[in-house]
$ cat protein-v6.txt   # compact mmCIF, C-alpha atoms
# COMPACT_ATOMS: atom_id res chain seq x y z
CA MET Z 1 -7.13 -4.10 -5.28
CA ARG Z 2 -8.83 -1.21 -3.50
CA GLY Z 3 -5.37 0.24 -4.11
CA MET Z 4 -6.49 1.06 -7.65
CA PHE Z 5 -8.21 4.04 -6.02
CA THR Z 6 -4.83 5.19 -4.71
CA CYS Z 7 -3.32 4.70 -8.17
CA GLY Z 8 -5.90 7.09 -9.62
CA VAL Z 9 -5.03 9.68 -6.97
CA ILE Z 10 -1.29 9.29 -7.60
CA ASP Z 11 -1.59 9.64 -11.36
CA VAL Z 12 -3.45 12.95 -11.07
CA LEU Z 13 -0.76 14.20 -8.68
CA LEU Z 14 1.93 13.21 -11.18
CA GLU Z 15 0.09 14.79 -14.09
CA HIS Z 16 -0.08 18.10 -12.22
CA GLY Z 17 3.47 18.01 -10.93
CA VAL Z 18 2.51 17.82 -7.26
CA ARG Z 19 5.59 16.73 -5.33
CA PHE Z 20 6.17 15.66 -1.73
CA ASP Z 21 9.26 15.54 0.45
CA GLY Z 22 8.36 12.04 1.58
CA ALA Z 23 5.80 9.29 1.20
CA ALA Z 24 5.03 5.99 2.88
CA GLY Z 25 3.24 2.90 1.61
CA ILE Z 26 1.97 -0.19 3.38
CA SER Z 27 0.89 -3.36 1.55
CA ALA Z 28 -0.78 -2.27 -1.72
CA GLY Z 29 0.35 1.26 -0.90
CA ALA Z 30 3.93 0.02 -1.15
CA VAL Z 31 3.74 -1.97 -4.38
CA PHE Z 32 1.58 0.62 -6.16
CA GLY Z 33 2.83 3.75 -4.43
CA CYS Z 34 6.41 3.20 -5.59
CA ASN Z 35 5.29 4.30 -9.07
CA TYR Z 36 4.89 7.85 -7.74
CA LYS Z 37 8.64 8.00 -7.15
CA SER Z 38 9.39 6.39 -10.53
CA HIS Z 39 6.99 8.87 -12.26
CA GLN Z 40 5.21 6.04 -14.12
CA ILE Z 41 1.72 7.34 -14.78
CA GLY Z 42 -0.76 4.55 -15.50
CA ARG Z 43 1.59 1.66 -14.85
CA PRO Z 44 -0.24 -0.18 -12.01
CA ILE Z 45 -3.68 0.02 -13.63
CA ARG Z 46 -2.17 -1.06 -16.94
CA TYR Z 47 -0.41 -4.17 -15.70
CA ASN Z 48 -3.20 -5.19 -13.34
CA LYS Z 49 -5.74 -5.08 -16.15
CA LYS Z 50 -3.42 -6.96 -18.49
CA TYR Z 51 -2.04 -9.62 -16.16
CA GLY Z 52 -4.61 -9.81 -13.35
CA ALA Z 53 -6.03 -13.08 -14.65
CA ASP Z 54 -2.60 -14.63 -15.33
CA PRO Z 55 -2.22 -17.59 -12.93
CA ARG Z 56 1.43 -16.65 -12.43
CA TYR Z 57 0.30 -13.32 -10.98
CA CYS Z 58 -2.45 -14.31 -8.56
CA SER Z 59 -4.11 -17.71 -8.30
CA ILE Z 60 -4.88 -20.68 -6.09
CA ARG Z 61 -2.46 -22.58 -8.31
CA SER Z 62 0.30 -20.20 -7.32
CA LEU Z 63 -0.66 -20.56 -3.65
CA LEU Z 64 -0.55 -24.36 -3.80
CA LYS Z 65 2.63 -24.47 -5.86
CA THR Z 66 4.68 -21.76 -4.16
CA GLY Z 67 2.94 -20.87 -0.89
CA ASP Z 68 2.13 -17.37 -2.19
CA LEU Z 69 -1.24 -16.35 -3.65
CA TYR Z 70 0.61 -13.58 -5.50
CA GLY Z 71 3.49 -15.31 -7.25
CA ALA Z 72 6.73 -13.82 -5.93
CA ASP Z 73 8.85 -14.52 -9.01
CA PHE Z 74 6.25 -13.16 -11.43
CA CYS Z 75 5.27 -10.10 -9.36
CA TYR Z 76 8.74 -9.00 -8.29
CA HIS Z 77 10.93 -10.17 -11.16
CA VAL Z 78 9.15 -11.06 -14.40
CA LEU Z 79 6.66 -8.21 -14.29
CA PRO Z 80 8.93 -5.29 -13.23
CA ASP Z 81 12.00 -6.53 -15.11
CA VAL Z 82 10.51 -7.79 -18.39
CA LEU Z 83 6.79 -7.34 -19.02
CA ASP Z 84 6.18 -3.79 -17.73
CA PRO Z 85 9.58 -2.47 -16.61
CA PHE Z 86 9.86 -0.48 -13.41
CA ASP Z 87 11.90 2.67 -14.04
CA ARG Z 88 14.57 2.17 -11.41
CA GLU Z 89 16.77 4.98 -12.71
CA THR Z 90 14.02 7.57 -12.29
CA PHE Z 91 13.13 6.06 -8.92
CA ARG Z 92 16.74 6.41 -7.79
CA ARG Z 93 17.07 10.02 -8.99
CA ASP Z 94 13.78 11.29 -7.60
CA PRO Z 95 14.36 13.11 -4.28
CA THR Z 96 11.15 11.94 -2.57
CA ALA Z 97 11.96 9.75 0.43
CA PHE Z 98 9.80 6.61 0.11
CA TYR Z 99 9.24 4.38 3.14
CA ILE Z 100 7.78 0.88 3.33
CA GLY Z 101 6.51 -0.88 6.45
CA ALA Z 102 6.24 -4.60 7.27
CA VAL Z 103 5.59 -6.66 10.40
CA ASP Z 104 8.29 -8.76 12.05
CA VAL Z 105 6.48 -12.08 12.53
CA ARG Z 106 8.51 -13.04 15.61
CA THR Z 107 7.88 -9.83 17.55
CA GLY Z 108 4.68 -8.49 16.01
CA GLN Z 109 6.39 -5.09 15.71
CA MET Z 110 6.60 -2.84 12.66
CA ALA Z 111 9.83 -2.20 10.80
CA TYR Z 112 10.21 0.55 8.21
CA HIS Z 113 12.59 0.65 5.27
CA LEU Z 114 13.74 3.71 3.32
CA CYS Z 115 13.90 2.74 -0.34
CA THR Z 116 16.91 3.95 -2.27
CA ASP Z 117 17.14 2.55 -5.80
CA GLY Z 118 14.19 0.26 -6.49
CA GLY Z 119 16.64 -2.66 -6.64
CA ALA Z 120 16.57 -6.13 -5.14
CA GLN Z 121 16.49 -5.01 -1.50
CA ASP Z 122 13.71 -2.49 -2.05
CA MET Z 123 11.71 -5.09 -4.00
CA LEU Z 124 12.13 -7.53 -1.13
CA TRP Z 125 10.65 -4.98 1.27
CA MET Z 126 7.77 -4.29 -1.13
CA ARG Z 127 7.05 -8.00 -1.28
CA ALA Z 128 7.22 -8.28 2.52
CA SER Z 129 4.89 -5.32 3.04
CA ALA Z 130 2.30 -6.82 0.67
CA SER Z 131 2.54 -10.47 1.79
CA MET Z 132 -0.94 -11.04 3.17
CA PRO Z 133 -1.12 -13.44 6.13
CA LEU Z 134 -2.52 -16.94 5.51
CA VAL Z 135 -1.91 -16.74 1.74
CA SER Z 136 1.78 -15.75 1.73
CA ARG Z 137 5.03 -17.08 3.10
CA PRO Z 138 6.87 -14.84 5.55
CA VAL Z 139 9.59 -12.97 3.66
CA PRO Z 140 13.16 -13.31 4.98
CA ILE Z 141 15.18 -10.10 5.13
CA GLY Z 142 18.49 -10.47 6.91
CA ASP Z 143 17.85 -12.64 9.95
CA ARG Z 144 14.21 -11.55 10.29
CA LEU Z 145 10.90 -12.66 8.77
CA PHE Z 146 8.18 -10.25 7.67
CA LEU Z 147 4.54 -10.14 6.59
CA ASP Z 148 2.03 -7.52 5.46
CA GLY Z 149 2.46 -4.24 7.34
CA GLY Z 150 -1.29 -3.68 7.31
CA ILE Z 151 -1.63 -6.20 10.15
CA VAL Z 152 -0.32 -3.54 12.55
CA ASP Z 153 -0.01 -0.19 10.77
CA ALA Z 154 -2.59 0.07 7.98
CA VAL Z 155 -2.02 3.83 7.49
CA PRO Z 156 1.49 4.97 8.47
CA TYR Z 157 0.72 8.63 9.22
CA ALA Z 158 1.98 8.34 12.82
CA TYR Z 159 5.31 6.97 11.60
CA MET Z 160 5.69 9.85 9.16
CA GLU Z 161 4.88 12.33 11.92
CA SER Z 162 7.45 10.67 14.18
CA ILE Z 163 10.23 11.33 11.67
CA GLY Z 164 9.30 14.96 11.11
CA TYR Z 165 6.59 15.18 8.46
CA ASP Z 166 4.11 17.66 9.92
CA ARG Z 167 1.77 18.21 6.96
CA ASN Z 168 0.42 14.95 5.59
CA VAL Z 169 -1.92 13.98 2.78
CA ILE Z 170 -3.54 10.67 3.75
CA VAL Z 171 -5.10 8.42 1.11
CA LEU Z 172 -7.68 5.93 2.39
CA THR Z 173 -9.51 3.29 0.37
CA ARG Z 174 -12.57 3.10 2.64
CA PRO Z 175 -15.29 5.78 2.82
CA ALA Z 176 -15.90 7.95 5.86
CA GLY Z 177 -17.61 6.07 8.66
CA TYR Z 178 -16.23 2.65 7.80
CA VAL Z 179 -15.67 0.49 10.89
CA LYS Z 180 -13.51 -2.63 10.65
CA GLN Z 181 -14.84 -5.78 12.29
CA LYS Z 182 -12.85 -8.53 13.99
CA SER Z 183 -11.32 -10.88 11.43
CA SER Z 184 -13.33 -14.02 10.73
CA ALA Z 185 -10.08 -15.69 9.67
CA LEU Z 186 -8.62 -15.60 13.18
CA PRO Z 187 -9.37 -19.30 13.97
CA LEU Z 188 -7.57 -20.30 10.77
CA ALA Z 189 -4.67 -17.99 11.63
CA LYS Z 190 -4.28 -19.71 14.97
CA VAL Z 191 -3.61 -22.93 13.07
CA LEU Z 192 -1.59 -21.75 10.08
CA LEU Z 193 0.44 -19.13 11.97
CA ARG Z 194 0.88 -21.03 15.24
CA ARG Z 195 4.67 -20.66 14.90
CA TYR Z 196 4.21 -16.90 15.11
CA PRO Z 197 2.00 -16.13 18.14
CA ALA Z 198 2.91 -12.44 17.98
CA VAL Z 199 1.25 -12.20 14.55
CA ILE Z 200 -1.87 -13.96 15.83
CA GLU Z 201 -2.05 -11.49 18.72
CA ALA Z 202 -1.68 -8.58 16.30
CA MET Z 203 -4.40 -9.96 14.03
CA ALA Z 204 -6.74 -10.41 17.01
CA VAL Z 205 -6.69 -6.67 17.73
CA ARG Z 206 -6.18 -5.41 14.20
CA HIS Z 207 -9.72 -4.06 13.95
CA GLU Z 208 -9.28 -2.13 17.19
CA ARG Z 209 -6.01 -0.59 15.99
CA TYR Z 210 -7.50 0.30 12.62
CA ASN Z 211 -10.61 1.91 14.08
CA ALA Z 212 -8.47 3.91 16.51
CA GLN Z 213 -6.37 5.09 13.56
CA MET Z 214 -9.49 6.26 11.74
CA ARG Z 215 -10.57 8.28 14.78
CA GLN Z 216 -7.12 9.84 15.04
CA ILE Z 217 -7.09 10.66 11.32
CA ALA Z 218 -10.53 12.25 11.56
CA ALA Z 219 -9.31 14.42 14.44
CA ARG Z 220 -6.27 15.53 12.45
CA GLU Z 221 -8.47 16.28 9.46
CA GLN Z 222 -10.88 18.37 11.53
CA ALA Z 223 -7.99 20.30 13.07
CA GLY Z 224 -6.53 21.05 9.64
CA GLN Z 225 -3.37 19.05 10.36
CA ALA Z 226 -3.95 16.54 7.53
CA LEU Z 227 -5.80 16.42 4.24
CA VAL Z 228 -7.63 13.12 3.79
CA LEU Z 229 -8.71 11.62 0.46
CA ARG Z 230 -11.33 8.86 0.52
CA PRO Z 231 -13.76 7.26 -1.89
CA PRO Z 232 -17.27 8.73 -1.54
CA GLN Z 233 -18.79 5.27 -1.07
CA PRO Z 234 -17.64 1.64 -0.72
CA LEU Z 235 -15.57 0.66 -3.75
CA GLY Z 236 -17.30 -2.69 -4.19
CA ILE Z 237 -14.20 -4.53 -5.32
CA ARG Z 238 -12.71 -7.82 -4.21
CA ARG Z 239 -9.31 -7.90 -2.54
CA THR Z 240 -7.99 -9.99 -5.45
CA GLU Z 241 -10.20 -8.49 -8.17
CA LYS Z 242 -9.29 -9.56 -11.73
CA ASP Z 243 -12.07 -7.93 -13.78
CA PRO Z 244 -10.47 -5.14 -15.86
CA ALA Z 245 -13.71 -3.14 -15.86
CA ALA Z 246 -13.93 -3.21 -12.05
CA LEU Z 247 -10.27 -2.21 -11.73
CA GLU Z 248 -10.75 0.66 -14.16
CA ARG Z 249 -13.88 1.86 -12.33
CA VAL Z 250 -12.04 2.06 -9.01
CA TYR Z 251 -9.02 3.72 -10.65
CA GLN Z 252 -11.27 6.35 -12.22
CA THR Z 253 -12.94 6.96 -8.85
CA GLY Z 254 -9.53 7.84 -7.44
CA ARG Z 255 -8.89 10.22 -10.33
CA GLN Z 256 -12.27 11.89 -9.86
CA VAL Z 257 -11.74 12.43 -6.14
CA MET Z 258 -8.26 13.86 -6.65
CA ASN Z 259 -9.28 16.13 -9.52
CA ALA Z 260 -12.17 17.49 -7.45
CA ARG Z 261 -9.87 18.37 -4.55
CA LEU Z 262 -6.71 19.32 -6.40
CA GLU Z 263 -6.84 23.04 -5.67
CA GLU Z 264 -7.68 22.33 -2.03
CA LEU Z 265 -4.66 20.04 -1.80
CA LYS Z 266 -2.35 22.62 -3.36
CA ALA Z 267 -3.56 25.24 -0.90
CA PHE Z 268 -3.04 22.81 1.99
CA LEU Z 269 0.54 22.12 0.94
CA ALA Z 270 1.29 25.83 0.48
CA ARG Z 271 -0.07 26.87 3.88
CA ASP Z 272 2.21 28.05 6.68
CA PRO Z 273 2.26 25.22 9.29
CA ALA Z 274 2.31 27.84 12.04
CA ALA Z 275 -1.16 28.93 10.95
CA VAL Z 276 -2.71 25.55 11.85
$ encode --input "protein-v6.txt" --output "structure tokens"
Amino acid sequence: MRGMFTCGVIDVLLEHGVRFDGAAGISAGAVFGCNYKSHQIGRPIRYNKKYGADPRYCSIRSLLKTGDLYGADFCYHVLPDVLDPFDRETFRRDPTAFYIGAVDVRTGQMAYHLCTDGGAQDMLWMRASASMPLVSRPVPIGDRLFLDGGIVDAVPYAYMESIGYDRNVIVLTRPAGYVKQKSSALPLAKVLLRRYPAVIEAMAVRHERYNAQMRQIAAREQAGQALVLRPPQPLGIRRTEKDPAALERVYQTGRQVMNARLEELKAFLARDPAAV
């Protein structure tokens, strides 16, 4: 739910008509970021405040009953199809290329999917990207199984660079200077994910990968190759936060950060890449 910060950033971008050629989302960045392409200002904060405490959405009951802390049927069918409809037609028409990343549990390697219409296949990839290890079932897509892309590629800037995007705006949900520690859940992962040793190996070094990414992002920021948006201080929110006031506070923090740097962002996007 630190992703509510990202939702605040996205809504300000939408309100000011700031458009990108492409975007990529991992985990919460996938399931919330898709609303940028569907132009649905306020949708993620609205439904999270309204349904966050619904046991069908996120609960131990859901975990015990279905194997998923976040109920797959509710999150990827009932909610976007009935309760707070996802605008698939706008998503399909919008020219922004939107990529989602997830981890192949058998190989421990990332796979990326280009969303096209917000339909069943795209929703399956969103679910896979946001299926947190230990509290989610691996998601079958074709003959492969996937889990949360954040295990390997928490911030997919390198992937975007590899496919030609040379001027990137990077949204982080941790403040400057944050250093990730080794996961305390690793012993449990070795038991619950023993069928997928590649995932265990990836989780064991996740903090090292993440911290290396942060150093690389800081270097790009200093060189003027990327514009980085971060909260000014720790967001102080639980991963599965349900309190509407806490969600709104984090969302508003994202809005404040984006509003304060809006002109800087516009200038960054308008700059000649050769001048960097």
$ residues_near_point --input "protein-v6.txt" --point "(-10.1, 14.0, -10.4)" --cutoff "12 Å" --atoms "all atoms listed in the file" --output "ChimeraX atom specification"
/Z:5-13,15-16,229,231,251-263,265
$ residues_around --input "protein-v6.txt" --residues "stretch 179-194 of chain Z" --least-positions-apart "5" --cutoff "8 Å" --atoms "all atoms listed in the file" --output "list in words"
Pro133, Leu134, Val199, Ile200, Met203, Ala204, Val205, Arg206, His207, Glu208, Tyr210 and Asn211 of chain Z
$ atom_distance --input "protein-v6.txt" --atom1 "atom CA of Z:Leu235" --atom2 "atom CA of Z:Ala176"
12.1 Å
$ residues_around --input "protein-v6.txt" --residues "stretch 54-67 of chain Z" --least-positions-apart "3" --cutoff "10 Å" --atoms "all atoms listed in the file" --output "PyMOL selection string"
chain Z and resi 48+50-51+70-76+78-79+134-138+240-242
$ atom_distance --input "protein-v6.txt" --atom1 "atom CA of Z:Tyr36" --atom2 "atom CA of Z:Thr96"
9.1 Å
$ atom_distance --input "protein-v6.txt" --atom1 "atom CA of Z:Glu161" --atom2 "atom CA of Z:Trp125"
21.1 Å
$ residues_near_point --input "protein-v6.txt" --point "(-16.6, 8.4, 0.8)" --cutoff "8 Å" --atoms "only C-alpha atoms" --output "ChimeraX atom specification"
/Z:174-176,230-234
$ axis_aligned_box --input "protein-v6.txt" --around "stretch 224-238 of chain Z" --padding-each-side "4 Å" --output "lines of an AutoDock Vina configuration file"
center_x = -11.1
center_y = 6.6
center_z = 2.5
size_x = 23.4
size_y = 36.9
size_z = 23.7
$ residues_around --input "protein-v6.txt" --residues "Z:Gly25" --least-positions-apart "2" --cutoff "9 Å" --atoms "all atoms listed in the file" --output "PyMOL selection string"
chain Z and resi 23+27-34+98-101+126+129+155-156
$ closest_residue --input "protein-v6.txt" --among "Z:Ala219, Z:Leu147, Z:Ile41, Z:Ile26" --to "Z:Leu14" --atoms "only C-alpha atoms"
Z:Ile41
$ residues_around --input "protein-v6.txt" --residues "Z:Arg93" --least-positions-apart "2" --cutoff "9 Å" --atoms "all atoms listed in the file" --output "PyMOL selection string"
chain Z and resi 37-38+88-91+95-96+117
$ write_last_selection --input "protein-v6.txt" --atoms "C-alpha atoms" --output "PDB file, in the coordinates of the input"
ATOM      1  CA  LYS Z  37       8.640   8.000  -7.150  1.00  0.00           C
ATOM      2  CA  SER Z  38       9.390   6.390 -10.530  1.00  0.00           C
ATOM      3  CA  ARG Z  88      14.570   2.170 -11.410  1.00  0.00           C
ATOM      4  CA  GLU Z  89      16.770   4.980 -12.710  1.00  0.00           C
ATOM      5  CA  THR Z  90      14.020   7.570 -12.290  1.00  0.00           C
ATOM      6  CA  PHE Z  91      13.130   6.060  -8.920  1.00  0.00           C
ATOM      7  CA  PRO Z  95      14.360  13.110  -4.280  1.00  0.00           C
ATOM      8  CA  THR Z  96      11.150  11.940  -2.570  1.00  0.00           C
ATOM      9  CA  ASP Z 117      17.140   2.550  -5.800  1.00  0.00           C
TER      10      ASP Z 117
END
